[in-house]
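Student: I have a structure I would like to understand better, so I am pasting it below and will then ask my questions one at a time.
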4 protein chains.
Amino acid sequence: MKKFIRKVAVMTSGGDSPGMNAAIRSVVRSCAYYKLECVGVYRGYQGMIESDIVPMSARDVHHIIQKGGTVLKSARSKEFRTIEGRKKAYESLKEHKVDALVVIGGDGSFTGGMIFSQEFNFPVIGIPGTIDNDIFGTDYTLGYDTALNTAMEVIDKIRDTASSHNRLFFVEVMGRDSGFIALNTGIGAGAEEILIPEENMGLERLLESLEKSRRSGKSSSLVVVAEGDKTGANVFELADYVEKNLPQYDVRVSVLGHMQRGGSPSCFDRVLASRMGVKAIELLLDSQSNKMVGVQNNEMVAVDLENAVKEHHKISKEILRISDIMSV
Amino acid sequence: MKKFIRKVAVMTSGGDSPGMNAAIRSVVRSCAYYKLECVGVYRGYQGMIESDIVPMSARDVHHIIQKGGTVLKSARSKEFRTIEGRKKAYESLKEHKVDALVVIGGDGSFTGGMIFSQEFNFPVIGIPGTIDNDIFGTDYTLGYDTALNTAMEVIDKIRDTASSHNRLFFVEVMGRDSGFIALNTGIGAGAEEILIPEENMGLERLLESLEKSRRSGKSSSLVVVAEGDKTGANVFELADYVEKNLPQYDVRVSVLGHMQRGGSPSCFDRVLASRMGVKAIELLLDSQSNKMVGVQNNEMVAVDLENAVKEHHKISKEILRISDIMSV
Amino acid sequence: MKKFIRKVAVMTSGGDSPGMNAAIRSVVRSCAYYKLECVGVYRGYQGMIESDIVPMSARDVHHIIQKGGTVLKSARSKEFRTIEGRKKAYESLKEHKVDALVVIGGDGSFTGGMIFSQEFNFPVIGIPGTIDNDIFGTDYTLGYDTALNTAMEVIDKIRDTASSHNRLFFVEVMGRDSGFIALNTGIGAGAEEILIPEENMGLERLLESLEKSRRSGKSSSLVVVAEGDKTGANVFELADYVEKNLPQYDVRVSVLGHMQRGGSPSCFDRVLASRMGVKAIELLLDSQSNKMVGVQNNEMVAVDLENAVKEHHKISKEILRISDIMSV
Amino acid sequence: MKKFIRKVAVMTSGGDSPGMNAAIRSVVRSCAYYKLECVGVYRGYQGMIESDIVPMSARDVHHIIQKGGTVLKSARSKEFRTIEGRKKAYESLKEHKVDALVVIGGDGSFTGGMIFSQEFNFPVIGIPGTIDNDIFGTDYTLGYDTALNTAMEVIDKIRDTASSHNRLFFVEVMGRDSGFIALNTGIGAGAEEILIPEENMGLERLLESLEKSRRSGKSSSLVVVAEGDKTGANVFELADYVEKNLPQYDVRVSVLGHMQRGGSPSCFDRVLASRMGVKAIELLLDSQSNKMVGVQNNEMVAVDLENAVKEHHKISKEILRISDIMSV
């Protein structure tokens with residue numbers, strides 16, 4: 001797929017995450033640096049279909065590195081799942097003389113990009129932007145570090161009030177399929193238990209552990225639960241079950257929800273976004289396509305999109321062990 | 001009730017709020033300044049009954065001004081609602097040679113303190129510590145300013161993701177009986193609508209207003225809802241109703257919950273707590289009892305506890321009007 | 001000066017402060033609400049002279065309430081100090097059919113506005129935007145509450161490292177002529193001493209007090225110093241003097257500087273800005289001019305600009321006393 | 001040096017950094033988990049000499065994971081540089097029946113530990129706690145990630161006011177010998193230029209670059225300067241030089257200073273500290289000594305203390321290149 005690249009389109013797709021704006025800025029400035037033209041596509045694949053496309057210069061991305069959300073907005077597109085939709089999208093890009101596409105998003109967005117790339121022989125590079133950190137091929141996804149700090153700071157506040165009242169709190173954090181956020185914010189916030197989709201602790205062991213924790217003299221307790229954990233039907237039923245079986249506990253539930261996707265990105269995410277944007281453009285200049293930019297062992301790498309969407313980023317056994325030792 | 005005061009007990013009671021530690025510190029240091037002894041009572045009235053009482057010196061409250069929660073912990077006490085319980089509590093205080101009590105808490109704690117004071121002819125001063133700002137006789141309660149900032153900063157983050165997806169968010173903030181938090185965080189976060197217990201907007205008008213807002217070109221919308229609002233049965237049913245009737249909106253709900261009670265107090269709350277603690281001790285030195293310390297027009301005042309618990313702090317019509325004008 | 005107002009210009013002038021954008025938004029939306037046209041003037045009086053003026057609609061101020069700085073930018077203008085400059089400025093406004101001006105700024109900006117108003121019989125309303133809180137006629141200026149939190153949070157961090165090393169820190173905060181920021185952040189951060197322009201403590205008493213504090217067992221100490229304090233020639237010489245005279249102290253200096261002017265405004269400042277913008281437009285609709293909007297005892301008021309610039313907001317004796325008691 | 005370990009001492013030494021408390025907690029809890037006794041040494045090597053040593057149980061480190069500074073305090077010790085001092089220190093440890101030492105600190109602290117270990121055949125493990133990230137053998141030091149966020153958030157605030165006034169700001173961040181903080185906060189805050197000790201840009205090229213930046217339409221500029229940068233004599237002289245040579249710029253200086261060492265640690269630092277504490281104890285249980293715990297490619301590793309202190313952590317060329325591209 002050797003093609004001479006003169007004009008690049010950048011877009012954000014799927015759930016938003018902090019650092020997406022920093023990545024947009026980096027793609028736009030890298031284009032300027034390498035004397036390529038750049039356009040922004042609004043509202044992901046849907047905006048591509050509707051030709052919602054604008055030119056972007058280095059000055060247009062002034063002062064967006066610190067902003068949460070995405071200035072290009074995001075959306076899901078049913079139409080892009082049809083060949084007709086993708087054809088319209090391709091025609092929009094041709095109309096704007098775009099030679100290559102950089103997609104900032106997650107699994108679903110990459111799958112769409114891969115199909116599009118194959119159908120129209122069109123260069124596509126992915127940048128992993130999702131707070132869940134569950135994408136294979138990169139140690140960190142954009143927004144993950146920020147979401148950890150956002151969630152942990154809120155759990156710190158909940159700890160204040162939990163301690164004042166000797167209460168047991170169940171705090172649900174994001175992570176439908178993966179426990180990265182729960183595990184790391186749980187360790188960071190000093191949670192007594194952490195429940196994640198990757199491991200079913202079982203209700204019995206949870207009761208035992210909480211009972212033991214109470215007897216050891218802990219006056220308050222925090223259990224951090226990933227959205228996708230399977231121990232209870234959901235966090236509210238889990239809390240009810242514990243309250244029934246350990247009546248000495250005054251139990252409360254807090255669901256952190258969408259706030260975890262917002263906020264100004266951390267330094268880590270801003271620098272990572274800047275690196276990923278440069279790498280994406282340099283891959284295109286090197287005639288590569290169907291790759292996702294990743295970071296492995298602090299180095300920028302290119303991963304086949306196919307692998308990135310087929311496999312999952314696994315939680316490290318070491319970190320699981322740390323959480324056990326810390327709640328001794 | 002003229003009594004010579006040599007030893008003062010301080011405690012926190014009811015729901016905790018940021019600034020309680022700063023108030024404890026101020027009571028303890030004011031005692032040191034005026035050469036009074038001071039003791040801390042753990043876990044509110046229950047700890048008083050159980051004689052969970054420790055001496056406190058100026059150095060013991062080092063580095064607590066910035067802490068959320070309460071180092072003296074808080075609890076609700078059924079036993080204190082009985083005359084037997086209160087008698088035990090009185091005996092604990094006598095045993096520790098305590099001459100007067102400073103209670104940091106809300107309505108319920110003040111009612112308890114008032115009864116106690118009358119039954120045992122014991123000097124009691126209240127300091128209003130609650131995030132709800134609904135206590136009569138003071139322009140501000142301790143923790144309210146901090147809770148406003150905490151909630152607003154979280155709503156700012158939700159706005160990031162709402163804007164990226166053109167979504168409508170219903171955000172529930174604390175306030176079972178009063179709309180202070182909802183109204184002020186709603187204005188601060190630029191909410192399109194604000195629903196509070198003091199005014200029933202009605203479902204019809206809410207739909208109309210959201211519909212109008214959409215037509216005026218707003219791409220995302222935030223509705224801030226106080227816990228105690230009566231427009232819907234609760235925030236989830238409200239959201240369902242709107243989604244059914246305005247299907248063009250992608251609706252989401254976020255309940256902020258207990259995080260609003262935690263966190264390091266704002267400068268406003270730390271200074272207010274410091275002033276209130278001094279005033280409480282100076283009232284006792286002036287042989288006053290059954291008073292709540294308040295701030296009115298930037299001056300420290302003493303309010304009869306009886307009035308403080310009988311009436312409610314009202315929301316200003318002017319601020320309600322501001323919220324209408326801002327969401328034009 | 002009865003004039004029918006159809007079009008209002010708004011601008012920011014002098015040093016910027018958090019909440020200026022919220023005030024701009026409020027002025028613009030209040031105009032929309034009352035069916036007035038609105039324009040924004042860039043770079044204060046200089047931009048007015050250069051006719052750097054753009055129309056502003058309710059949608060143009062979307063998502064600026066939470067931003068630090070000022071989207072209209074600010075500047076100082078030597079030219080506006082001449083009658084020729086002011087004449088040009090007046091002609092710019094006439095050319096844009098502007099009937100009235102809202103100036104968000106401090107003392108200097110108000111003086112300019114007052115002269116302009118008198119020379120050209122032109123309606124001018126001031127909104128007090130400065131972090132210093134030193135303007136007469138208002139209990140709070142825009143940005144003050146935010147600056148208190150910004151400075152206090154930084155001093156909290158300095159306290160962490162001071163405590164770890166048993167050090168004495170001199171922290172300089174803003175306030176060339178007034179000690180509001182120093183006094184309130186000093187109390188909020190639990191400073192051992194607070195030095196402000198309104199009171200010359202004297203070097204002798206400072207040494208004594210620090211010596212006493214050390215003997216009382218305090219392991220670290222913080223002295224908060226207002227820029228304009230007269231105890232030493234400046235904060236560095238002050239620190240040198242103390243280090244020479246109390247060699248047992250390991251002394252460090254930190255000058256907080258311009259960061260105090262930036263950052264996202266607090267809820268207090270955003271609500272205050274919203275109220276002030278509405279009041280400014282309502283004063284104009286009521287045919288008033290040469291007034292500053294202020295807040296007194298939680299009510300919006302109109303103060304003669306002449307008084308606002310002639311007198312100064314005084315620090316309360318009560319708060320000074322609190323600071324003494326707290327550092328017992 | 002095979003020794004059976006029953007009791008471990010932990011201490012913090014040198015400049016403090018966020019995450020030290022989290023590391024202390026992890027060492028203490030890991031001891032509890034592995035049924036070892038644990039003591040804390042106050043004020044580093046000096047406290048060791050003075051036998052300022054206390055037992056620490058799992059409950060004693062409750063609620064310190066989120067605290068800045070170090071609960072064990074830190075100090076520099078001249079006495080420990082003498083053989084007599086080290087002998088006293090050794091006797092203190094023997095008196096408390098301590099079998100091994102974990103030192104949380106930087107270069108200097110490790111050198112001391114290494115000498116001590118060799119002289120008395122005493123097991124010593126180091127944990128790298130410093131915000132500078134300049135220690136060889138670990139990708140990250142404890143406190144570095146937090147310091148990046150602290151400094152960047154302050155620079156974000158300075159950007160607000162810089163933009164409002166079209167000013168040029170020189171912001172000095174920590175880093176006497178290394179540019180990690182300057183380079184990463186500079187990229188994260190979108191600085192126009194970044195000056196670090198590793199590269200002498202030269203005054204000529206700085207002027208050129210600023211001049212070019214101004215012509216390209218940038219309205220304000222930020223230059224982030226590491227403490228140890230050699231371009232000017234210091235940041236104030238640098239600013240003076242630029243102001244003289246580019247008089248169209250209104251130049252300001254801000255020195256961030258000690259605040260960068262304080263504050264609640266980020267999630268990254270808390271998790272890293274937890275991992276490092278576990279690894280330190282597990283190395284001791286594995287009869288290892290004279291090692292520093294490090295993290296390389298997300299794995300915990302043991303590095304010879306000798307190498308850790310002899311070499312330096314180098315800045316990556318890739319990141320330097322990113323900073324050039326981003327300021328295009």
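Residue numbers start at 1 in each chain; chains themselves are named A, B, ... in the order of the structure tokens; ligands are numbered from 1 in the order shown.
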For chain C against chain B, with a cut-off of 8 Å and counting only C-alpha atoms, what is the closest atom pair and its distance in Å to one decimal for every residue that makes the cut, ordered by chain and number, as a tab-separated table?
Tutor:
residue	atom	partner	partner_atom	distance
C:Ser26	CA	B:Met326	CA	6.5
C:Arg29	CA	B:Met326	CA	6.0
C:Ser30	CA	B:Ile325	CA	6.2
C:Ala32	CA	B:Val328	CA	7.2
C:Tyr33	CA	B:Val328	CA	6.1
C:Ala58	CA	B:Val328	CA	7.4
C:Arg59	CA	B:Lys218	CA	7.9
C:His63	CA	B:Gly190	CA	7.9
C:Ile65	CA	B:Gly190	CA	7.1
C:Gln66	CA	B:Ala189	CA	7.3
C:Asp145	CA	B:Phe268	CA	7.6
C:Leu148	CA	B:Cys267	CA	6.2
C:Asn149	CA	B:Cys267	CA	5.5
C:Met152	CA	B:Cys267	CA	6.8
C:Asp156	CA	B:Gln66	CA	7.8
C:Asn184	CA	B:Val271	CA	6.7
C:Thr185	CA	B:Cys267	CA	6.6
C:Ile187	CA	B:Val271	CA	6.2
C:Gly188	CA	B:Arg270	CA	5.2
C:Ala189	CA	B:Gln66	CA	7.4
C:Gly190	CA	B:Ile65	CA	7.1
C:Lys218	CA	B:Arg59	CA	7.9
C:Ser266	CA	B:Asn149	CA	6.2
C:Cys267	CA	B:Gly188	CA	5.3
C:Phe268	CA	B:Asp145	CA	7.6
C:Arg270	CA	B:Gly188	CA	5.2
C:Val271	CA	B:Gly188	CA	5.6
C:Ser274	CA	B:Ile322	CA	7.0
C:Arg275	CA	B:Ile322	CA	6.3
C:Val278	CA	B:Ile322	CA	7.2
C:Gln296	CA	B:Asn297	CA	7.5
C:Asn297	CA	B:Asn297	CA	4.3
C:Asn298	CA	B:Asn297	CA	7.0
C:Ile319	CA	B:Arg275	CA	7.5
C:Ile322	CA	B:Arg275	CA	6.3
C:Ile325	CA	B:Tyr33	CA	6.1
C:Met326	CA	B:Arg29	CA	6.0
C:Ser327	CA	B:Arg29	CA	7.9
C:Val328	CA	B:Tyr33	CA	6.1
Student: Would you give me, as a ChimeraX atom specification, the residues in range 153-284 of chain D that DSSP reads as helix (DSSP H, G or I)?
Tutor: /D:153-165,180-188,203-215,235-245,257-261,267-284
Student: Which value, in Å to one decimal, gives the distance between CA of Ile135 in chain C and CA of Gly19 in chain C?
Tutor: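 Between CA of Ile135 in chain C and CA of Gly19 in chain C the gap works out to 16.0 Å.
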Student: Which residues come within 12 Å of Val8 in chain D, counting only C-alpha atoms, excluding same-chain residues fewer than 6 positions away, as number ranges by chain?
Tutor: D: 24, 27-32, 34-41, 53-57, 93-94, 96-103, 122-125, 277, 280-282, 284-285
Student: Need to verify the contact set: Met20 in chain C, 9 Å, only C-alpha atoms, exclusion of same-chain residues closer than 3 positions in sequence. Can you return it as a list of chain:residue names?
Tutor: C:Thr12, C:Asp16, C:Ser17, C:Ala23, C:Ile24, C:Arg25, C:Ile65, C:Lys67, C:Gly68, C:Gly69, C:Thr70, C:Val71, C:Ile104, C:Gly105, C:Gly129, C:Thr130, C:Leu142, C:Gly143, C:Pro265, C:Arg270, C:Ala273
Student: Those residues you just picked out, can you put them in a file as a tab-separated table (two decimals), in the first residue's frame with N, CA, C and O atoms?
Tutor:
chain	number	residue	atom	x	y	z
C	12	THR	N	-12.41	43.58	29.56
C	12	THR	CA	-11.63	43.34	30.77
C	12	THR	C	-10.38	44.20	30.69
C	12	THR	O	-9.84	44.41	29.62
C	16	ASP	N	-5.43	40.39	35.13
C	16	ASP	CA	-6.55	39.48	34.99
C	16	ASP	C	-6.82	38.76	36.32
C	16	ASP	O	-5.96	38.73	37.21
C	17	SER	N	-8.00	38.20	36.44
C	17	SER	CA	-8.35	37.44	37.65
C	17	SER	C	-9.36	36.36	37.28
C	17	SER	O	-10.13	36.52	36.34
C	23	ALA	N	-17.84	36.53	34.22
C	23	ALA	CA	-18.51	37.83	34.21
C	23	ALA	C	-18.83	38.26	32.78
C	23	ALA	O	-19.91	38.81	32.51
C	24	ILE	N	-17.89	38.04	31.86
C	24	ILE	CA	-18.15	38.35	30.44
C	24	ILE	C	-19.39	37.57	29.98
C	24	ILE	O	-20.32	38.12	29.39
C	25	ARG	N	-19.41	36.27	30.28
C	25	ARG	CA	-20.53	35.41	29.90
C	25	ARG	C	-21.85	35.95	30.47
C	25	ARG	O	-22.87	35.99	29.78
C	65	ILE	N	-17.29	29.72	31.27
C	65	ILE	CA	-17.48	30.02	32.69
C	65	ILE	C	-16.38	29.39	33.55
C	65	ILE	O	-15.99	29.92	34.58
C	67	LYS	N	-13.22	28.81	32.67
C	67	LYS	CA	-11.85	29.11	32.23
C	67	LYS	C	-11.19	30.23	33.02
C	67	LYS	O	-11.80	31.28	33.26
C	68	GLY	N	-9.92	30.05	33.35
C	68	GLY	CA	-9.12	31.12	33.91
C	68	GLY	C	-8.78	32.14	32.84
C	68	GLY	O	-9.06	31.93	31.66
C	69	GLY	N	-8.16	33.26	33.25
C	69	GLY	CA	-7.78	34.29	32.30
C	69	GLY	C	-9.00	35.03	31.77
C	69	GLY	O	-10.06	35.02	32.38
C	70	THR	N	-8.82	35.69	30.63
C	70	THR	CA	-9.95	36.38	30.00
C	70	THR	C	-9.91	36.19	28.49
C	70	THR	O	-8.88	36.48	27.87
C	71	VAL	N	-11.00	35.71	27.93
C	71	VAL	CA	-11.05	35.49	26.47
C	71	VAL	C	-10.98	36.81	25.71
C	71	VAL	O	-10.62	36.82	24.54
C	104	ILE	N	-14.74	45.34	33.36
C	104	ILE	CA	-14.38	44.39	34.41
C	104	ILE	C	-12.91	44.60	34.74
C	104	ILE	O	-12.05	44.39	33.88
C	105	GLY	N	-12.61	45.07	35.94
C	105	GLY	CA	-11.21	45.35	36.27
C	105	GLY	C	-11.07	45.89	37.68
C	105	GLY	O	-11.94	45.66	38.52
C	129	GLY	N	-13.00	43.15	39.27
C	129	GLY	CA	-12.29	41.91	38.98
C	129	GLY	C	-10.83	42.06	39.35
C	129	GLY	O	-10.06	42.68	38.61
C	130	THR	N	-10.44	41.53	40.48
C	130	THR	CA	-9.05	41.56	40.93
C	130	THR	C	-8.92	40.57	42.06
C	130	THR	O	-9.85	40.38	42.84
C	142	LEU	N	-14.06	39.76	42.29
C	142	LEU	CA	-14.00	38.54	41.48
C	142	LEU	C	-12.58	38.00	41.41
C	142	LEU	O	-11.67	38.72	41.00
C	143	GLY	N	-12.42	36.75	41.75
C	143	GLY	CA	-11.11	36.12	41.63
C	143	GLY	C	-10.43	35.95	42.98
C	143	GLY	O	-9.52	35.13	43.12
C	265	PRO	N	-12.04	29.27	37.98
C	265	PRO	CA	-12.63	29.93	39.16
C	265	PRO	C	-13.40	28.98	40.07
C	265	PRO	O	-13.97	28.00	39.62
C	270	ARG	N	-17.66	31.98	40.42
C	270	ARG	CA	-18.51	31.84	39.22
C	270	ARG	C	-19.92	32.37	39.49
C	270	ARG	O	-20.53	33.01	38.63
C	273	ALA	N	-19.71	36.20	39.80
C	273	ALA	CA	-19.55	36.80	38.47
C	273	ALA	C	-20.89	36.82	37.74
C	273	ALA	O	-21.24	37.81	37.08
